[in-house]
$ cat upload_25.csv   # CSV, C-alpha atoms
chain,number,residue,atom,x,y,z
A,2,MET,CA,138.9,-161.5,85.2
A,3,ASN,CA,136.1,-160.0,87.2
A,4,ALA,CA,137.4,-160.7,90.7
A,5,PHE,CA,139.3,-157.7,92.1
A,6,ASN,CA,143.1,-158.1,92.3
A,7,GLU,CA,145.1,-155.4,94.0
A,8,TYR,CA,147.6,-155.6,91.1
A,9,LEU,CA,145.0,-154.9,88.4
A,10,VAL,CA,143.8,-151.4,87.3
A,11,PRO,CA,140.3,-151.0,88.8
A,12,GLY,CA,137.6,-150.4,86.2
A,13,LEU,CA,139.7,-151.4,83.2
A,14,ASP,CA,138.1,-153.9,80.9
A,15,ASN,CA,140.8,-156.4,80.1
A,16,THR,CA,138.5,-158.3,77.7
A,17,ALA,CA,137.8,-155.3,75.5
A,18,PRO,CA,138.0,-156.1,71.8
A,19,ALA,CA,140.9,-154.9,69.7
A,20,PRO,CA,142.1,-152.3,68.8
A,21,CYS,CA,142.8,-151.2,72.3
A,22,LEU,CA,144.1,-147.6,72.5
A,23,SER,CA,146.3,-146.5,75.4
A,24,LEU,CA,147.4,-142.9,75.9
A,25,TYR,CA,149.6,-141.5,78.7
A,26,GLN,CA,150.4,-137.8,79.2
A,27,GLN,CA,151.9,-135.5,81.7
A,28,THR,CA,149.4,-132.8,82.8
A,29,HIS,CA,149.6,-129.8,85.0
A,30,ARG,CA,147.5,-128.6,87.9
A,31,THR,CA,147.8,-124.8,87.5
A,32,PHE,CA,148.0,-122.0,85.0
A,33,PRO,CA,150.1,-121.2,82.9
A,34,GLN,CA,151.7,-124.7,82.8
A,35,ASN,CA,148.5,-126.3,81.9
A,36,ARG,CA,147.9,-124.2,78.8
A,37,GLN,CA,149.6,-126.8,76.5
A,38,ASP,CA,148.0,-129.9,78.0
A,39,THR,CA,145.2,-130.0,75.4
A,40,VAL,CA,147.6,-129.4,72.6
A,41,ARG,CA,149.9,-132.3,73.6
A,42,PHE,CA,146.8,-134.5,74.1
A,43,ALA,CA,145.7,-133.7,70.5
A,44,ASN,CA,149.2,-134.6,69.2
A,45,LEU,CA,149.0,-137.9,71.0
A,46,VAL,CA,145.6,-138.6,69.6
A,47,ASP,CA,147.0,-137.9,66.1
A,48,THR,CA,149.6,-140.5,66.8
A,49,LEU,CA,146.8,-143.0,67.6
A,50,GLN,CA,145.0,-142.0,64.4
A,51,ARG,CA,148.1,-142.6,62.2
A,52,SER,CA,148.7,-146.0,63.8
A,53,LEU,CA,145.0,-147.1,63.3
A,54,SER,CA,145.1,-145.9,59.6
A,55,LEU,CA,147.7,-148.5,58.8
A,56,LYS,CA,145.2,-151.4,59.5
A,57,PHE,CA,141.7,-150.1,59.9
A,58,PRO,CA,139.3,-148.1,57.5
A,59,ALA,CA,138.6,-144.5,58.5
A,60,ARG,CA,135.0,-145.3,59.6
A,61,GLU,CA,136.2,-147.8,62.3
A,62,SER,CA,139.1,-145.5,63.4
A,63,ASP,CA,136.8,-142.5,63.7
A,64,ALA,CA,134.3,-144.3,65.9
A,65,ILE,CA,137.0,-145.4,68.3
A,66,LEU,CA,138.7,-142.0,68.4
A,67,GLU,CA,135.5,-140.0,68.8
A,68,PRO,CA,135.5,-140.1,72.7
A,69,PHE,CA,139.1,-139.0,72.6
A,70,LEU,CA,138.3,-136.0,70.5
A,71,ARG,CA,135.3,-135.1,72.8
A,72,LEU,CA,137.6,-135.3,75.8
A,73,GLY,CA,140.1,-132.9,74.2
A,74,GLU,CA,137.3,-130.3,73.9
A,75,ASP,CA,136.0,-130.8,77.5
A,76,ALA,CA,137.2,-127.6,79.3
A,77,SER,CA,135.9,-128.7,82.7
A,78,PHE,CA,137.9,-132.0,82.5
A,79,TRP,CA,141.2,-130.2,81.8
A,80,ALA,CA,140.5,-127.6,84.5
A,81,HIS,CA,140.8,-130.4,87.2
A,82,ALA,CA,144.1,-132.0,86.1
A,83,LEU,CA,146.6,-133.7,88.4
A,84,ASP,CA,150.2,-134.6,87.3
A,85,GLY,CA,149.4,-137.5,84.9
A,86,LEU,CA,146.6,-138.7,82.7
A,87,ALA,CA,145.9,-142.2,81.3
A,88,VAL,CA,143.1,-142.7,78.7
A,89,PHE,CA,142.0,-146.1,77.4
A,90,GLY,CA,139.6,-146.7,74.5
A,91,ALA,CA,138.3,-149.7,72.5
A,92,PRO,CA,135.1,-150.5,70.6
A,93,GLY,CA,132.4,-149.8,73.2
A,94,PHE,CA,134.8,-148.8,75.9
A,95,PHE,CA,136.3,-145.6,77.1
A,96,ARG,CA,138.0,-144.8,80.5
A,97,THR,CA,140.2,-142.0,81.9
A,98,TYR,CA,142.4,-141.9,85.0
A,99,ARG,CA,143.9,-138.9,86.6
A,100,PHE,CA,146.8,-139.6,88.9
A,101,GLN,CA,149.7,-138.2,90.8
A,102,GLY,CA,153.1,-138.6,89.2
A,103,SER,CA,154.2,-137.7,85.7
A,104,PRO,CA,154.3,-140.6,83.2
A,105,ARG,CA,156.4,-140.9,80.0
A,106,GLU,CA,154.1,-139.7,77.2
A,107,LEU,CA,152.9,-142.6,75.1
A,108,ALA,CA,150.2,-143.4,72.5
A,109,ILE,CA,149.7,-147.1,71.5
A,110,ALA,CA,147.2,-148.9,69.4
A,111,ALA,CA,147.4,-152.6,70.1
A,112,ASN,CA,145.5,-155.8,70.8
A,113,SER,CA,145.5,-155.1,74.5
A,114,PHE,CA,145.7,-152.1,76.8
A,115,HIS,CA,149.2,-150.9,77.9
A,116,THR,CA,148.8,-150.8,81.7
A,117,LYS,CA,152.3,-150.9,83.1
A,118,PRO,CA,152.7,-147.2,83.8
A,119,LEU,CA,149.3,-146.9,85.5
A,120,LEU,CA,149.9,-150.2,87.3
A,121,ARG,CA,153.0,-148.6,88.8
A,122,VAL,CA,151.0,-145.7,90.0
A,123,MET,CA,148.1,-147.8,91.5
A,124,GLN,CA,150.2,-150.4,93.2
A,125,SER,CA,149.2,-150.5,96.8
A,126,SER,CA,152.8,-150.7,98.0
A,127,SER,CA,153.4,-147.1,97.2
A,128,ARG,CA,150.0,-145.4,97.2
A,129,PHE,CA,147.6,-145.2,100.1
A,130,HIS,CA,144.5,-143.5,101.5
A,131,LEU,CA,144.5,-141.4,104.6
A,132,LEU,CA,141.5,-141.2,106.9
A,133,ALA,CA,141.8,-138.0,108.9
A,134,LEU,CA,139.3,-138.6,111.7
A,135,SER,CA,138.2,-136.7,114.8
A,136,ARG,CA,135.1,-137.1,117.0
A,137,THR,CA,133.0,-134.9,114.7
A,138,THR,CA,134.7,-134.8,111.3
A,139,ALA,CA,136.2,-137.2,108.6
A,140,LYS,CA,138.3,-136.4,105.5
A,141,ILE,CA,139.9,-138.7,103.0
A,142,PHE,CA,143.2,-138.1,101.2
A,143,GLU,CA,145.1,-140.1,98.6
A,144,ALA,CA,148.9,-139.8,99.0
A,145,ASP,CA,152.3,-141.3,98.1
A,146,GLN,CA,155.9,-140.3,98.7
A,147,TYR,CA,155.6,-137.2,96.7
A,148,SER,CA,152.1,-135.7,97.0
A,149,ILE,CA,148.8,-135.7,98.8
A,150,ASP,CA,145.3,-134.8,97.5
A,151,SER,CA,142.1,-134.3,99.3
A,152,LEU,CA,139.5,-136.5,97.7
A,153,GLU,CA,136.0,-135.3,96.7
A,154,LEU,CA,133.5,-137.0,99.0
A,155,PRO,CA,130.2,-138.5,97.6
A,156,LEU,CA,127.0,-136.7,98.6
A,157,ASP,CA,126.1,-139.5,101.0
A,158,PHE,CA,129.5,-139.5,102.8
A,159,PRO,CA,129.2,-138.8,106.6
A,160,ALA,CA,131.8,-136.0,106.6
A,161,THR,CA,130.5,-134.7,110.0
A,162,LEU,CA,128.8,-136.2,113.0
A,163,GLU,CA,125.7,-134.1,112.3
A,164,LEU,CA,125.5,-135.4,108.7
A,165,ALA,CA,126.0,-139.0,109.9
A,166,LEU,CA,123.5,-139.0,112.7
A,167,GLY,CA,121.0,-136.2,112.0
A,168,SER,CA,117.9,-136.9,114.0
A,169,GLU,CA,119.4,-140.0,115.5
A,170,LYS,CA,121.8,-138.0,117.6
A,171,THR,CA,121.5,-139.2,121.2
A,172,GLU,CA,119.3,-136.9,123.4
A,173,PRO,CA,120.6,-135.9,126.9
A,174,GLN,CA,119.5,-138.2,129.7
A,175,THR,CA,118.7,-137.0,133.2
A,176,THR,CA,119.4,-138.9,136.4
A,177,VAL,CA,117.4,-137.8,139.4
A,178,ALA,CA,118.7,-138.1,143.0
A,179,SER,CA,116.9,-137.3,146.3
A,180,PHE,CA,118.5,-135.7,149.3
A,181,GLY,CA,117.1,-135.1,152.8
A,182,PRO,CA,115.2,-137.2,155.4
A,183,ALA,CA,112.3,-139.2,154.2
A,184,GLY,CA,108.9,-137.6,155.1
A,185,SER,CA,110.5,-134.4,156.2
A,186,GLY,CA,108.9,-132.4,153.4
A,187,GLY,CA,112.3,-130.9,152.7
A,188,VAL,CA,113.5,-133.3,150.1
A,189,MET,CA,115.8,-131.8,147.4
A,190,ARG,CA,116.0,-133.3,143.9
A,191,HIS,CA,119.1,-132.9,141.8
A,192,GLY,CA,119.4,-133.9,138.1
A,193,HIS,CA,122.6,-134.2,136.0
A,194,SER,CA,123.1,-135.1,132.3
A,195,SER,CA,125.4,-138.0,131.4
A,196,ARG,CA,127.0,-136.0,128.6
A,197,ARG,CA,130.1,-138.3,128.4
A,198,ASP,CA,127.9,-141.3,127.8
A,199,GLU,CA,126.0,-139.5,125.1
A,200,GLU,CA,129.2,-138.4,123.3
A,201,GLU,CA,130.6,-141.9,123.4
A,202,ILE,CA,127.4,-143.4,121.9
A,203,ASP,CA,127.3,-140.8,119.2
A,204,THR,CA,131.1,-141.1,118.5
A,205,GLU,CA,130.7,-144.8,118.0
A,206,LYS,CA,127.7,-144.4,115.7
A,207,PHE,CA,129.7,-141.8,113.7
A,208,PHE,CA,132.7,-144.0,113.4
A,209,ARG,CA,130.6,-146.9,112.2
A,210,ALA,CA,129.0,-144.7,109.5
A,211,VAL,CA,132.5,-143.4,108.4
A,212,ASP,CA,133.9,-147.0,108.3
A,213,THR,CA,131.0,-148.2,106.1
A,214,ALA,CA,131.3,-145.2,103.7
A,215,VAL,CA,135.1,-145.3,103.4
A,216,THR,CA,135.0,-149.1,102.7
A,217,ARG,CA,132.3,-148.7,100.0
A,218,HIS,CA,133.4,-145.6,98.2
A,219,PHE,CA,137.2,-145.8,98.5
A,220,SER,CA,138.8,-149.0,99.9
A,221,LYS,CA,136.9,-151.6,97.9
A,222,PRO,CA,137.1,-149.8,94.5
A,223,SER,CA,140.8,-149.0,94.8
A,224,ALA,CA,142.1,-151.7,97.2
A,225,LEU,CA,144.6,-149.1,98.4
A,226,PRO,CA,145.8,-149.4,102.0
A,227,LEU,CA,144.1,-147.1,104.5
A,228,MET,CA,146.1,-145.3,107.2
A,229,LEU,CA,144.2,-143.8,110.1
A,230,VAL,CA,145.1,-140.4,111.5
A,231,ALA,CA,143.3,-139.9,114.8
A,232,LEU,CA,143.8,-139.3,118.5
A,233,PRO,CA,145.0,-142.5,120.4
A,234,GLU,CA,141.6,-143.0,122.0
A,235,HIS,CA,139.9,-142.7,118.6
A,236,GLN,CA,142.4,-145.0,117.1
A,237,GLY,CA,141.3,-147.7,119.5
A,238,LEU,CA,137.6,-147.2,119.1
A,239,PHE,CA,137.7,-147.0,115.3
A,240,ARG,CA,139.8,-150.1,115.0
A,241,LYS,CA,137.5,-152.0,117.3
A,242,ILE,CA,134.4,-151.3,115.2
A,243,SER,CA,136.0,-151.2,111.7
A,244,ARG,CA,135.2,-153.9,109.1
A,245,ASN,CA,137.6,-152.5,106.5
A,246,ASP,CA,140.2,-155.1,105.5
A,247,ARG,CA,142.4,-152.4,104.0
A,248,LEU,CA,142.9,-150.6,107.3
A,249,MET,CA,146.6,-150.8,108.2
A,250,LYS,CA,147.8,-151.5,111.7
A,251,GLU,CA,150.2,-148.6,111.3
A,252,GLY,CA,148.6,-145.2,112.0
A,253,ILE,CA,149.3,-141.6,113.1
A,254,ALA,CA,148.1,-141.0,116.7
A,255,THR,CA,147.4,-137.3,116.7
A,256,ASP,CA,144.5,-135.0,116.0
A,257,PRO,CA,144.6,-134.5,112.2
A,258,ARG,CA,143.0,-131.0,112.6
A,259,HIS,CA,146.4,-129.8,113.9
A,260,LEU,CA,148.4,-130.9,110.8
A,261,SER,CA,148.6,-129.3,107.4
A,262,GLU,CA,148.3,-131.5,104.3
A,263,VAL,CA,152.0,-131.4,103.8
A,264,GLN,CA,152.6,-132.5,107.4
A,265,LEU,CA,150.1,-135.2,107.0
A,266,LYS,CA,151.9,-136.5,103.9
A,267,GLU,CA,155.3,-136.4,105.6
A,268,ARG,CA,154.1,-138.2,108.7
A,269,ALA,CA,152.2,-140.8,106.7
A,270,TRP,CA,155.1,-141.6,104.4
A,271,GLU,CA,157.4,-142.0,107.4
A,272,ALA,CA,155.1,-144.8,108.4
A,273,MET,CA,154.7,-146.2,104.9
A,274,LEU,CA,158.3,-146.3,103.8
A,275,PRO,CA,159.4,-149.3,105.8
A,276,ILE,CA,156.4,-151.2,104.6
A,277,HIS,CA,157.0,-150.2,100.9
A,278,SER,CA,160.7,-151.0,101.1
A,279,ALA,CA,160.2,-154.4,102.8
A,280,LYS,CA,157.6,-155.4,100.2
A,281,ILE,CA,159.9,-154.6,97.3
A,282,SER,CA,163.0,-156.1,98.9
A,283,GLN,CA,161.1,-159.4,99.7
A,284,GLU,CA,159.9,-159.8,96.1
A,285,VAL,CA,163.3,-158.8,94.6
A,286,GLU,CA,165.1,-161.4,96.8
A,287,ARG,CA,162.6,-164.0,95.9
A,288,CYS,CA,163.1,-163.4,92.2
A,289,ILE,CA,166.9,-163.4,92.5
A,290,ALA,CA,166.9,-166.6,94.4
A,291,ALA,CA,164.5,-168.2,91.8
A,292,ILE,CA,166.7,-167.1,88.9
A,293,THR,CA,169.8,-168.4,90.6
A,294,SER,CA,168.2,-171.8,91.3
A,295,GLY,CA,166.6,-172.2,87.9
A,296,THR,CA,163.1,-171.8,89.2
A,297,GLY,CA,162.8,-168.3,87.7
A,298,THR,CA,164.0,-166.3,84.7
A,299,ASP,CA,165.0,-162.9,83.5
A,300,ASP,CA,164.5,-163.8,79.8
A,301,PRO,CA,161.3,-162.3,78.3
A,302,GLU,CA,160.7,-165.2,75.9
A,303,THR,CA,161.1,-167.8,78.6
A,304,ALA,CA,158.9,-165.8,81.0
A,305,ALA,CA,156.2,-165.5,78.3
A,306,VAL,CA,155.9,-169.2,77.9
A,307,ALA,CA,155.8,-169.7,81.7
A,308,ALA,CA,153.2,-167.0,82.0
A,309,ALA,CA,151.0,-168.7,79.4
A,310,GLU,CA,151.3,-172.0,81.3
A,311,GLY,CA,150.3,-170.2,84.6
A,312,ARG,CA,153.6,-171.0,86.2
A,313,VAL,CA,154.7,-167.4,87.2
A,314,ALA,CA,154.1,-166.6,90.8
A,315,VAL,CA,155.8,-163.2,90.9
A,316,LEU,CA,156.8,-160.9,88.0
A,317,LEU,CA,158.9,-157.8,88.4
A,318,LEU,CA,158.8,-155.3,85.5
A,319,ARG,CA,161.0,-152.2,85.0
A,320,ASN,CA,158.8,-149.1,84.7
A,321,ASP,CA,160.7,-147.5,81.9
A,322,ALA,CA,161.5,-150.6,79.8
A,323,LEU,CA,159.7,-151.1,76.5
A,324,LEU,CA,160.0,-154.2,74.3
A,325,PRO,CA,157.8,-154.0,71.2
A,326,GLY,CA,156.2,-157.2,69.9
A,327,LYS,CA,153.3,-159.5,69.9
A,328,LEU,CA,152.4,-162.2,72.4
A,329,ASP,CA,150.4,-165.4,71.7
A,330,ALA,CA,148.5,-165.7,75.0
A,331,ALA,CA,147.8,-169.4,74.4
A,332,SER,CA,151.3,-170.6,73.8
A,333,GLY,CA,153.5,-167.7,75.1
A,334,ALA,CA,155.2,-167.4,71.8
A,335,VAL,CA,156.5,-163.9,71.1
A,336,THR,CA,157.2,-162.1,67.8
A,337,PHE,CA,159.3,-158.9,67.9
A,338,ALA,CA,157.9,-156.1,65.8
A,339,SER,CA,157.6,-152.3,65.4
A,340,LEU,CA,155.5,-150.4,68.0
A,341,GLU,CA,154.0,-148.3,65.2
A,342,ASP,CA,152.1,-151.4,63.9
A,343,PRO,CA,148.6,-151.7,65.3
A,344,GLY,CA,148.4,-154.9,67.3
A,345,VAL,CA,151.9,-154.5,68.6
A,346,ASP,CA,152.2,-153.6,72.3
A,347,ASP,CA,155.0,-153.7,74.9
A,348,LEU,CA,155.8,-157.4,75.4
A,349,LEU,CA,156.7,-156.8,79.0
A,350,ASP,CA,153.3,-155.2,79.6
A,351,ASP,CA,151.5,-158.1,77.8
A,352,ILE,CA,153.4,-160.7,79.8
A,353,GLY,CA,152.4,-158.9,83.0
A,354,SER,CA,148.8,-158.9,82.0
A,355,LEU,CA,149.0,-162.6,81.3
A,356,VAL,CA,150.5,-163.3,84.7
A,357,LEU,CA,147.7,-161.3,86.4
A,358,GLN,CA,145.1,-163.3,84.4
A,359,LYS,CA,146.6,-166.5,85.7
A,360,GLY,CA,146.5,-165.3,89.3
A,361,GLY,CA,150.1,-164.2,89.7
A,362,LYS,CA,151.5,-161.1,91.2
A,363,VAL,CA,153.1,-158.2,89.2
A,364,LEU,CA,155.2,-155.4,90.6
A,365,VAL,CA,156.4,-152.5,88.5
A,366,LEU,CA,159.6,-151.1,89.8
A,367,ARG,CA,161.9,-148.1,89.2
A,368,ASN,CA,165.1,-148.7,87.4
A,369,GLU,CA,167.2,-148.6,90.6
A,370,GLU,CA,164.9,-151.2,92.2
A,371,MET,CA,165.2,-153.8,89.5
A,372,PRO,CA,167.7,-156.6,90.1
A,373,VAL,CA,168.4,-157.4,86.4
A,374,MET,CA,169.0,-155.5,83.2
A,375,THR,CA,166.4,-157.2,80.9
A,376,GLY,CA,163.5,-155.3,82.3
A,377,LEU,CA,161.9,-158.4,83.7
A,378,ALA,CA,162.4,-160.9,86.5
A,379,ALA,CA,160.1,-163.8,87.3
A,380,ALA,CA,159.8,-166.5,90.1
A,381,TYR,CA,157.9,-169.6,89.3
A,382,ARG,CA,155.2,-171.3,91.3
A,383,PHE,CA,156.6,-174.8,90.4

$ encode --input "upload_25.csv" --output "structure tokens"
Amino acid sequence: MNAFNEYLVPGLDNTAPAPCLSLYQQTHRTFPQNRQDTVRFANLVDTLQRSLSLKFPARESDAILEPFLRLGEDASFWAHALDGLAVFGAPGFFRTYRFQGSPRELAIAANSFHTKPLLRVMQSSSRFHLLALSRTTAKIFEADQYSIDSLELPLDFPATLELALGSEKTEPQTTVASFGPAGSGGVMRHGHSSRRDEEEIDTEKFFRAVDTAVTRHFSKPSALPLMLVALPEHQGLFRKISRNDRLMKEGIATDPRHLSEVQLKERAWEAMLPIHSAKISQEVERCIAAITSGTGTDDPETAAVAAAEGRVAVLLLRNDALLPGKLDAASGAVTFASLEDPGVDDLLDDIGSLVLQKGGKVLVLRNEEMPVMTGLAAAYRF
């Protein structure tokens, strides 16, 4: 589906032709821990190659794997690692994602991409952007409970007031007042600059430029929530002019220049935690009530049929659960099989993809957050 959904992985082609290759790997940011990253990546690519060889001729397999092999030799790519890496490839398609958080290492060749681990990372309930804004500077961070990263800004991003306004910066205005009796010849003239007015005009122009750039470059592509870190008076002005529908009403009312990145992350997660917990609790309670009343299920086979019929409103998936098999997207019929067989993916992941395609909501939860043991819980629309 082309319309953006906050529960989908941005930029991933869900219509890519089979075979679809999905690779997840833990990576490291610094030396010497990162020395083995490319070795482990090569081992995972070998796993994909062995899986493909069971069903496809070498010529087809080599063509799909070629971008993976080039990536393994790209020293500049590996020099800028985060904690985790996801790589997806299919005929005519290749995409990489760096992210915070360490995934379970996995290499799957199947009829569809395995997105559950990355979906967990990208869920807006736990990840968010921070806009650190002062009257003259703007920075963007991506953060979650565990980490914070300063994001690289596009060349056209208005990181400073000077970059945003340039020659459009408001020039000082002079007001002239006369003192002394008319016609006395001793009239004195006094001028003063309305500097406060000039600063307010420029600040508003700067904030509008920042709002436009943040929306275009960060909020729309990711759909992550945006938390504003700014002085109280700047909070009010920015919120008044902002057109960013991802801007949260919660914010941090302080000058961000006085906080370290660690302090920023801690303050931001304090504000995010109640929102994250409330969202998870609401959907968990909804699914428990649905299962109890018969308007939901925790059985994967039943959920698969309901997903194919477009009846699933909310689906909860356990992050570390894996159920190998094949799913018929038209009927919802499932066939259990070995994950080593190309065409076989994680049924839980495929059910989640089907729910998303039908307009439902999918949340990937940690083991301790899941209300059932089957790895799946669903609430129906009807």

$ residues_around --input "upload_25.csv" --residues "Arg268 (chain A)" --least-positions-apart "5" --cutoff "10 Å" --atoms "all atoms listed in the file" --output "list in words"
Val230, Gly252, Ile253, Leu260, Glu262, Val263 and Met273 of chain A

$ atom_distance --input "upload_25.csv" --atom1 "CA of Ser354 (chain A)" --atom2 "CA of Thr336 (chain A)"
16.8 Å

$ residues_around --input "upload_25.csv" --residues "Ala314 (chain A)" --least-positions-apart "3" --cutoff "9 Å" --atoms "only C-alpha atoms" --output "JSON, numbers by chain"
{"A": [308, 311, 356, 360, 361, 362, 363, 379, 380, 381, 382, 383]}

$ write_last_selection --input "upload_25.csv" --atoms "C-alpha atoms" --output "PDB file, in the coordinates of the input"
ATOM      1  CA  ALA A 308     153.200-167.000  82.000  1.00  0.00           C
ATOM      2  CA  GLY A 311     150.300-170.200  84.600  1.00  0.00           C
ATOM      3  CA  VAL A 356     150.500-163.300  84.700  1.00  0.00           C
ATOM      4  CA  GLY A 360     146.500-165.300  89.300  1.00  0.00           C
ATOM      5  CA  GLY A 361     150.100-164.200  89.700  1.00  0.00           C
ATOM      6  CA  LYS A 362     151.500-161.100  91.200  1.00  0.00           C
ATOM      7  CA  VAL A 363     153.100-158.200  89.200  1.00  0.00           C
ATOM      8  CA  ALA A 379     160.100-163.800  87.300  1.00  0.00           C
ATOM      9  CA  ALA A 380     159.800-166.500  90.100  1.00  0.00           C
ATOM     10  CA  TYR A 381     157.900-169.600  89.300  1.00  0.00           C
ATOM     11  CA  ARG A 382     155.200-171.300  91.300  1.00  0.00           C
ATOM     12  CA  PHE A 383     156.600-174.800  90.400  1.00  0.00           C
TER      13      PHE A 383
END

$ atom_distance --input "upload_25.csv" --atom1 "CA of Leu66 (chain A)" --atom2 "CA of Asp47 (chain A)"
9.5 Å

$ residues_near_point --input "upload_25.csv" --point "(141.3, -139.9, 97.0)" --cutoff "8 Å" --atoms "only C-alpha atoms" --output "list of chain:residue names"
A:His130, A:Ile141, A:Phe142, A:Glu143, A:Ala144, A:Asp150, A:Ser151, A:Leu152, A:Glu153, A:Phe219

$ residues_around --input "upload_25.csv" --residues "Asp342 (chain A)" --least-positions-apart "3" --cutoff "9 Å" --atoms "all atoms listed in the file" --output "short mmCIF file (atom, residue, chain, number, x, y, z; two decimals) with C-alpha atoms, keeping the file's coordinate frame"
data_model
loop_
_atom_site.label_atom_id
_atom_site.label_comp_id
_atom_site.auth_asym_id
_atom_site.auth_seq_id
_atom_site.Cartn_x
_atom_site.Cartn_y
_atom_site.Cartn_z
CA SER A 52 148.70 -146.00 63.80
CA LEU A 53 145.00 -147.10 63.30
CA LEU A 55 147.70 -148.50 58.80
CA LYS A 56 145.20 -151.40 59.50
CA ALA A 110 147.20 -148.90 69.40
CA ALA A 111 147.40 -152.60 70.10
CA ALA A 338 157.90 -156.10 65.80
CA SER A 339 157.60 -152.30 65.40
CA VAL A 345 151.90 -154.50 68.60
CA ASP A 346 152.20 -153.60 72.30
#

$ closest_residue --input "upload_25.csv" --among "A:Phe337, A:Phe239, A:Phe129, A:Tyr147" --to "Leu323 (chain A)" --atoms "all atoms listed in the file"
A:Phe337

$ atom_distance --input "upload_25.csv" --atom1 "CA of Arg247 (chain A)" --atom2 "CA of Gln146 (chain A)"
18.9 Å
